[in-house]
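The structure file final-v2.csv is reproduced below (CSV, C-alpha atoms and all ligand atoms).
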chain,number,residue,atom,x,y,z
A,4,MET,CA,41.6,39.4,36.9
A,5,LYS,CA,42.8,35.8,36.3
A,6,ASN,CA,41.9,33.0,38.7
A,7,VAL,CA,44.5,30.8,40.4
A,8,GLN,CA,44.2,28.1,37.7
A,9,GLU,CA,44.7,30.6,34.9
A,10,LEU,CA,47.7,32.2,36.7
A,11,ASN,CA,49.3,28.7,37.0
A,12,GLN,CA,48.6,28.0,33.4
A,13,VAL,CA,50.4,31.2,32.4
A,14,SER,CA,53.3,30.4,34.7
A,15,ASP,CA,53.6,26.8,33.4
A,16,PHE,CA,53.6,28.1,29.8
A,17,VAL,CA,56.4,30.6,30.6
A,18,LYS,CA,58.5,27.9,32.3
A,19,ARG,CA,58.0,25.6,29.3
A,20,GLU,CA,59.0,28.3,26.9
A,21,TYR,CA,62.3,28.9,28.7
A,22,ASP,CA,62.9,25.2,29.2
A,23,SER,CA,62.7,24.6,25.4
A,24,LEU,CA,64.8,27.7,24.7
A,25,ALA,CA,67.6,26.2,26.9
A,26,GLN,CA,67.2,22.9,25.1
A,27,ASN,CA,67.0,24.2,21.5
A,28,GLY,CA,69.2,27.3,21.3
A,29,ALA,CA,69.4,31.0,21.3
A,30,SER,CA,66.9,33.4,22.9
A,31,THR,CA,65.2,36.0,20.8
A,32,LEU,CA,63.0,37.4,23.6
A,33,CYS,CA,65.1,40.2,25.0
A,34,CYS,CA,68.2,42.2,24.2
A,35,SER,CA,71.7,40.7,23.7
A,36,PRO,CA,74.3,40.8,26.4
A,37,SER,CA,76.6,42.7,24.1
A,38,ASP,CA,74.2,45.6,24.4
A,39,THR,CA,74.9,45.7,28.2
A,40,TYR,CA,78.4,44.3,28.8
A,41,THR,CA,81.8,44.9,27.2
A,42,PRO,CA,83.7,42.2,25.3
A,43,GLU,CA,86.2,42.2,28.2
A,44,GLU,CA,83.5,41.5,30.7
A,45,LEU,CA,82.1,38.7,28.6
A,46,ALA,CA,85.4,37.1,27.8
A,47,GLY,CA,85.6,33.4,28.9
A,48,ILE,CA,81.9,33.0,29.4
A,49,PRO,CA,80.7,30.0,27.3
A,50,ARG,CA,78.9,30.9,24.2
A,51,ILE,CA,75.7,29.0,25.1
A,52,VAL,CA,75.3,31.3,28.1
A,53,LEU,CA,75.5,34.4,26.0
A,54,GLU,CA,73.1,33.0,23.4
A,55,LEU,CA,70.6,32.1,26.1
A,56,SER,CA,70.8,35.4,27.9
A,57,SER,CA,67.5,37.2,28.0
A,58,SER,CA,68.3,40.3,29.9
A,59,CYS,CA,67.3,44.0,29.7
A,60,GLY,CA,70.4,45.6,31.4
A,61,SER,CA,72.7,44.8,34.3
A,62,PRO,CA,71.3,44.8,37.8
A,63,THR,CA,74.7,44.9,39.4
A,64,LYS,CA,76.6,47.5,37.4
A,65,GLY,CA,77.6,50.4,39.7
A,66,LEU,CA,76.5,48.6,42.9
A,67,GLU,CA,78.8,48.2,45.9
A,68,LEU,CA,78.8,44.4,46.5
A,69,TYR,CA,81.2,42.5,48.7
A,70,PRO,CA,82.5,38.9,48.8
A,71,ASP,CA,81.0,38.2,52.2
A,72,GLN,CA,77.5,39.0,51.1
A,73,THR,CA,75.0,36.3,50.1
A,74,ILE,CA,73.6,37.3,46.7
A,75,LEU,CA,70.8,35.5,44.9
A,76,ASP,CA,69.8,36.0,41.3
A,77,LEU,CA,66.1,35.2,40.9
A,78,GLY,CA,65.3,33.7,37.4
A,79,CYS,CA,69.0,33.5,36.6
A,80,GLY,CA,68.5,31.7,33.3
A,81,ALA,CA,71.7,30.3,31.9
A,82,GLY,CA,73.6,32.2,34.7
A,83,LEU,CA,75.3,35.1,33.0
A,84,ASP,CA,74.9,37.6,35.8
A,85,VAL,CA,75.7,35.0,38.5
A,86,MET,CA,79.0,34.1,36.7
A,87,LEU,CA,80.0,37.7,36.0
A,88,LEU,CA,79.4,38.6,39.7
A,89,ALA,CA,81.1,35.5,41.1
A,90,ARG,CA,84.1,36.1,39.0
A,91,LYS,CA,84.2,39.8,39.9
A,92,LEU,CA,83.8,39.3,43.6
A,93,GLY,CA,86.4,36.5,43.7
A,94,PRO,CA,86.6,32.9,44.9
A,95,GLU,CA,85.5,33.8,48.5
A,96,SER,CA,82.1,35.0,47.3
A,97,HIS,CA,79.1,32.8,47.0
A,98,ILE,CA,76.5,33.7,44.4
A,99,ILE,CA,73.3,31.7,44.0
A,100,GLY,CA,71.2,31.5,40.9
A,101,VAL,CA,67.6,30.2,41.0
A,102,ASP,CA,65.6,29.3,38.0
A,103,ALA,CA,62.5,27.2,37.4
A,104,SER,CA,63.8,25.7,34.1
A,105,ASN,CA,65.7,22.5,34.6
A,106,ASN,CA,67.4,22.9,31.3
A,107,MET,CA,68.6,26.5,32.1
A,108,ILE,CA,70.0,25.3,35.5
A,109,ASN,CA,71.8,22.4,33.8
A,110,VAL,CA,73.3,24.7,31.2
A,111,ALA,CA,74.3,27.2,34.0
A,112,LYS,CA,76.0,24.5,36.1
A,113,SER,CA,78.1,23.0,33.3
A,114,ALA,CA,79.0,26.5,31.9
A,115,ALA,CA,80.2,27.6,35.4
A,116,LEU,CA,82.4,24.5,35.6
A,117,GLU,CA,83.7,25.1,32.1
A,118,ALA,CA,84.5,28.8,32.9
A,119,GLY,CA,86.2,27.8,36.1
A,120,ILE,CA,83.8,29.6,38.4
A,121,PRO,CA,83.0,27.2,41.2
A,122,ASN,CA,81.6,29.8,43.6
A,123,ALA,CA,78.5,30.2,41.4
A,124,GLU,CA,75.8,27.9,42.7
A,125,PHE,CA,72.6,27.1,40.8
A,126,ARG,CA,69.3,25.9,42.3
A,127,LEU,CA,66.2,24.7,40.6
A,128,GLY,CA,63.2,26.5,42.0
A,129,ASP,CA,60.2,28.7,41.5
A,130,ALA,CA,60.3,32.5,42.2
A,131,ARG,CA,57.0,32.1,44.0
A,132,ASP,CA,58.5,29.5,46.4
A,133,ILE,CA,62.2,30.4,46.5
A,134,PRO,CA,64.6,27.6,47.7
A,135,ALA,CA,66.3,29.7,50.3
A,136,GLN,CA,65.8,30.1,54.0
A,137,ASP,CA,64.1,33.1,55.7
A,138,HIS,CA,66.3,36.1,56.3
A,139,SER,CA,69.3,34.4,54.6
A,140,VAL,CA,70.2,36.7,51.7
A,141,ASP,CA,71.7,40.2,51.6
A,142,VAL,CA,70.9,41.2,48.1
A,143,VAL,CA,68.4,39.7,45.6
A,144,ILE,CA,69.1,40.6,42.0
A,145,SER,CA,66.8,39.8,39.1
A,146,ASN,CA,67.1,40.6,35.4
A,147,CYS,CA,64.0,40.8,33.3
A,148,VAL,CA,62.1,38.3,35.4
A,149,VAL,CA,59.5,40.0,37.6
A,150,GLY,CA,57.6,41.2,34.6
A,151,MET,CA,56.8,37.6,33.7
A,152,PHE,CA,54.5,37.0,36.6
A,153,PRO,CA,50.8,37.9,36.6
A,154,ASP,CA,50.9,37.3,40.4
A,155,LYS,CA,53.8,39.6,41.2
A,156,GLU,CA,52.7,39.9,44.9
A,157,LYS,CA,53.8,36.3,45.5
A,158,VAL,CA,57.2,36.9,44.0
A,159,PHE,CA,57.7,40.1,46.0
A,160,SER,CA,56.6,38.4,49.3
A,161,GLU,CA,59.1,35.6,48.7
A,162,VAL,CA,61.9,38.0,48.0
A,163,TYR,CA,60.9,39.9,51.2
A,164,ARG,CA,60.9,36.6,53.2
A,165,ILE,CA,64.4,35.5,52.2
A,166,LEU,CA,66.1,39.0,52.6
A,167,LYS,CA,67.9,39.8,55.8
A,168,PRO,CA,66.7,42.8,57.7
A,169,GLY,CA,68.5,45.8,55.9
A,170,GLY,CA,68.8,43.7,52.7
A,171,TYR,CA,67.5,44.8,49.3
A,172,MET,CA,66.3,43.7,46.0
A,173,VAL,CA,67.6,45.2,42.7
A,174,ALA,CA,65.5,44.3,39.7
A,175,ILE,CA,65.9,45.2,36.1
A,176,ASP,CA,62.5,45.3,34.5
A,177,THR,CA,60.7,46.7,31.5
A,178,ILE,CA,58.1,48.9,33.0
A,179,PHE,CA,56.5,50.0,29.8
A,180,SER,CA,55.2,47.7,27.1
A,181,LYS,CA,55.4,48.4,23.4
A,182,LYS,CA,52.1,46.6,23.2
A,183,ASN,CA,49.3,49.0,24.1
A,184,SER,CA,47.0,46.6,25.9
A,185,GLU,CA,44.1,47.9,28.0
A,186,SER,CA,44.3,45.3,30.7
A,187,PHE,CA,46.3,42.3,31.9
A,188,ASP,CA,43.6,39.9,30.7
A,189,GLU,CA,44.3,40.9,27.1
A,190,LEU,CA,47.9,39.6,27.3
A,191,THR,CA,48.6,36.2,26.0
A,192,SER,CA,51.0,33.7,27.7
A,193,GLN,CA,53.4,34.5,24.9
A,194,ASP,CA,53.4,38.2,26.1
A,195,TRP,CA,54.2,37.1,29.6
A,196,ALA,CA,57.1,35.0,28.4
A,197,ALA,CA,58.5,38.1,26.7
A,198,CYS,CA,58.5,39.9,30.1
A,199,ILE,CA,55.8,42.4,29.1
A,200,VAL,CA,55.1,44.5,32.1
A,201,MET,CA,51.8,46.4,32.0
A,202,MET,CA,52.5,48.4,35.2
A,203,SER,CA,53.4,52.1,35.7
A,204,GLU,CA,56.2,53.1,38.0
A,205,GLU,CA,53.5,54.0,40.6
A,206,GLU,CA,51.8,50.6,40.4
A,207,TYR,CA,55.0,48.7,40.7
A,208,THR,CA,56.1,50.8,43.7
A,209,MET,CA,52.7,50.3,45.5
A,210,LYS,CA,53.0,46.5,45.1
A,211,LEU,CA,56.4,46.5,46.7
A,212,LEU,CA,55.4,48.8,49.5
A,213,SER,CA,52.3,46.8,50.3
A,214,THR,CA,54.5,43.7,50.6
A,215,GLY,CA,56.4,45.4,53.4
A,216,PHE,CA,59.4,47.0,51.7
A,217,GLU,CA,60.3,50.2,53.4
A,218,HIS,CA,61.5,52.2,50.5
A,219,VAL,CA,61.4,51.8,46.7
A,220,ASP,CA,63.6,53.7,44.2
A,221,PHE,CA,63.5,53.7,40.4
A,222,ARG,CA,66.9,54.5,38.9
A,223,ASP,CA,68.7,54.4,35.5
A,224,GLN,CA,65.7,54.2,33.3
A,225,LEU,CA,66.9,53.8,29.8
A,226,ILE,CA,65.7,52.7,26.4
A,227,VAL,CA,67.1,49.4,25.3
A,228,PRO,CA,66.8,47.9,21.9
A,229,TYR,CA,64.8,44.7,21.4
A,230,ARG,CA,66.5,42.2,19.1
A,231,ASP,CA,63.8,42.7,16.5
A,232,GLY,CA,64.7,46.4,16.2
A,233,ASN,CA,62.0,47.7,18.5
A,234,GLU,CA,62.6,49.5,21.8
A,235,ILE,CA,61.5,49.0,25.3
A,236,THR,CA,62.0,51.1,28.5
A,237,SER,CA,64.1,49.3,31.1
A,238,ALA,CA,64.4,50.5,34.7
A,239,LYS,CA,66.6,49.5,37.7
A,240,ILE,CA,64.2,49.1,40.7
A,241,PHE,CA,65.5,49.1,44.2
A,242,ALA,CA,63.4,47.8,47.1
A,243,PHE,CA,64.8,48.1,50.6
A,244,LYS,CA,63.8,46.0,53.6
A,245,SER,CA,64.0,47.8,57.0
A,246,LYS,CA,66.8,46.9,59.5
B,301,LIG,C1,63.8,36.7,30.5
B,301,LIG,S1,64.6,35.3,31.2
B,301,LIG,C2,65.9,36.1,32.1
B,301,LIG,C3,67.0,35.2,32.4
B,301,LIG,C4,68.2,35.8,33.1
B,301,LIG,N1,67.9,36.6,34.2
B,301,LIG,C5,69.0,36.6,32.1
B,301,LIG,O1,69.3,37.8,32.3
B,301,LIG,O2,69.4,36.1,31.0
B,301,LIG,C6,63.5,34.8,32.4
B,301,LIG,C7,63.9,33.5,33.2
B,301,LIG,O3,63.0,33.3,34.3
B,301,LIG,C8,62.8,31.9,34.4
B,301,LIG,N2,61.5,31.6,35.0
B,301,LIG,C9,60.3,31.5,34.3
B,301,LIG,N3,59.3,31.2,35.2
B,301,LIG,C10,59.9,31.1,36.4
B,301,LIG,C11,59.4,30.9,37.7
B,301,LIG,N4,58.1,30.6,38.0
B,301,LIG,N5,60.3,30.9,38.7
B,301,LIG,C12,61.7,31.1,38.5
B,301,LIG,N6,62.2,31.4,37.3
B,301,LIG,C13,61.3,31.4,36.3
B,301,LIG,C14,63.0,31.4,33.0
B,301,LIG,O4,63.3,30.0,33.0
B,301,LIG,C15,64.1,32.3,32.4
B,301,LIG,O5,65.3,31.7,32.6
Would you write out, as structure tokens, the structure that this file holds?
Amino acid sequence: MKNVQELNQVSDFVKREYDSLAQNGASTLCCSPSDTYTPEELAGIPRIVLELSSSCGSPTKGLELYPDQTILDLGCGAGLDVMLLARKLGPESHIIGVDASNNMINVAKSAALEAGIPNAEFRLGDARDIPAQDHSVDVVISNCVVGMFPDKEKVFSEVYRILKPGGYMVAIDTIFSKKNSESFDELTSQDWAACIVMMSEEEYTMKLLSTGFEHVDFRDQLIVPYRDGNEITSAKIFAFKSK
């Protein structure tokens, strides 16, 4: 198991990777938004947001969400899911995106202005120290983010802290890696940046339950193509906080 210093080194590397992606151009780490969303859904979203999107599905597709809910996207990147949701739920809604990359947040802020979506708010912050008050959020979404953390317990306990009683998290994550590594320690920082998750459904579930979540559900598991022609297994994971 990695010590705290090593965990922070991995995390700093991952943040730098995404910061330079946002500065330099298109992401090649995950699947393209056109694999997930229709051209109509993506219409009007600035091209830079589509190019920087590093998702593995849609956390919000098929969900019943309402304009009066506070919804926070953890690791929002250039803000695609935040913008699509803010536009769909209308100007009364308030959707917050949090990301640790300054460049991603800056791209997201100016793209939301350009696309005329003022109800999308973006905050710079770490998923292990989320800039949101205790019990202030109805739904936390995340898209291809949780897998990046060697210390997932910290992320889960922060999500638990900010959720209101009865709130829930819905995360899209790749639960199986195409790399057949024996242990976490064999993974490089580059692997973590590519959201490789070396956990089974059971291990993922146990980590959420031991954080305090009442109930965990895996839904909509599907194979999604990697940009390089490979395939990974993506799942929609729900974790419910008791009322
Ligand atoms: C695979 S990308 C997913 C981005 C976005 N959810 C999407 O669908 O395009 C992972 C994102 O997590 C962000 N990130 C990396 N480390 C982070 C951390 N410690 N806390 C919060 N966000 C982080 C990266 O900057 C990047 O934008």
Grab me every residue within 8 Å of ligand LIG 301 (chain B), counting all atoms listed in the file, and send it over as a ChimeraX atom specification. /A:14-15,17-22,32-33,55-60,76-84,101-104,107,128-131,145-148,151-152,196-198
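The spacing separating CA of Phe125 in chain A from CA of Asp223 in chain A amounts to 28.1 Å.
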Could you list, as a PyMOL selection string, every residue within 12 Å of Glu67 in chain A, counting only C-alpha atoms and ignoring same-chain residues fewer than 6 positions away? chain A and resi 88+91-92+142
What gap, in Å, lies between CA of Gly119 in chain A and CA of Ala46 in chain A?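 Distance between the two atoms: 12.5 Å.
Atom to atom, CA of Asp38 in chain A and CA of Leu53 in chain A stand 11.4 Å apart.
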Using all atoms listed in the file, determine which residues lie at most 7 Å from Ala114 in chain A, disregarding the query and same-chain residues fewer than 4 positions distant; provide the list as an mmCIF file with C-alpha atoms, keeping the file's coordinate frame.
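And here's out.cif as it stands now:
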data_model
loop_
_atom_site.group_PDB
_atom_site.id
_atom_site.type_symbol
_atom_site.label_atom_id
_atom_site.label_comp_id
_atom_site.auth_asym_id
_atom_site.auth_seq_id
_atom_site.Cartn_x
_atom_site.Cartn_y
_atom_site.Cartn_z
ATOM 1 C CA PRO A 49 80.700 30.000 27.300
ATOM 2 C CA VAL A 110 73.300 24.700 31.200
ATOM 3 C CA ALA A 118 84.500 28.800 32.900
#
Point out the residue among A:Val143, A:Ile120, A:Ile165, A:Met172 with the least atom-to-atom distance to Ile48 in chain A, counting only C-alpha atoms. A:Ile120
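Compared by their closest atoms to Leu24 in chain A, and using all atoms listed in the file, the residues A:Leu10, A:Leu45, A:Ile144, A:Ile51 rank with A:Ile51 nearest.
For the residues A:Ile108, A:Leu127, A:Leu66, A:Leu116, ranking by smallest atom-to-atom distance to Lys239 in chain A using only C-alpha atoms places A:Leu66 first.
The smallest atom-to-atom distance between Gln26 in chain A and any of A:Asp71, A:Glu54, A:Glu9, A:Glu43, using all atoms listed in the file, is found for A:Glu54.
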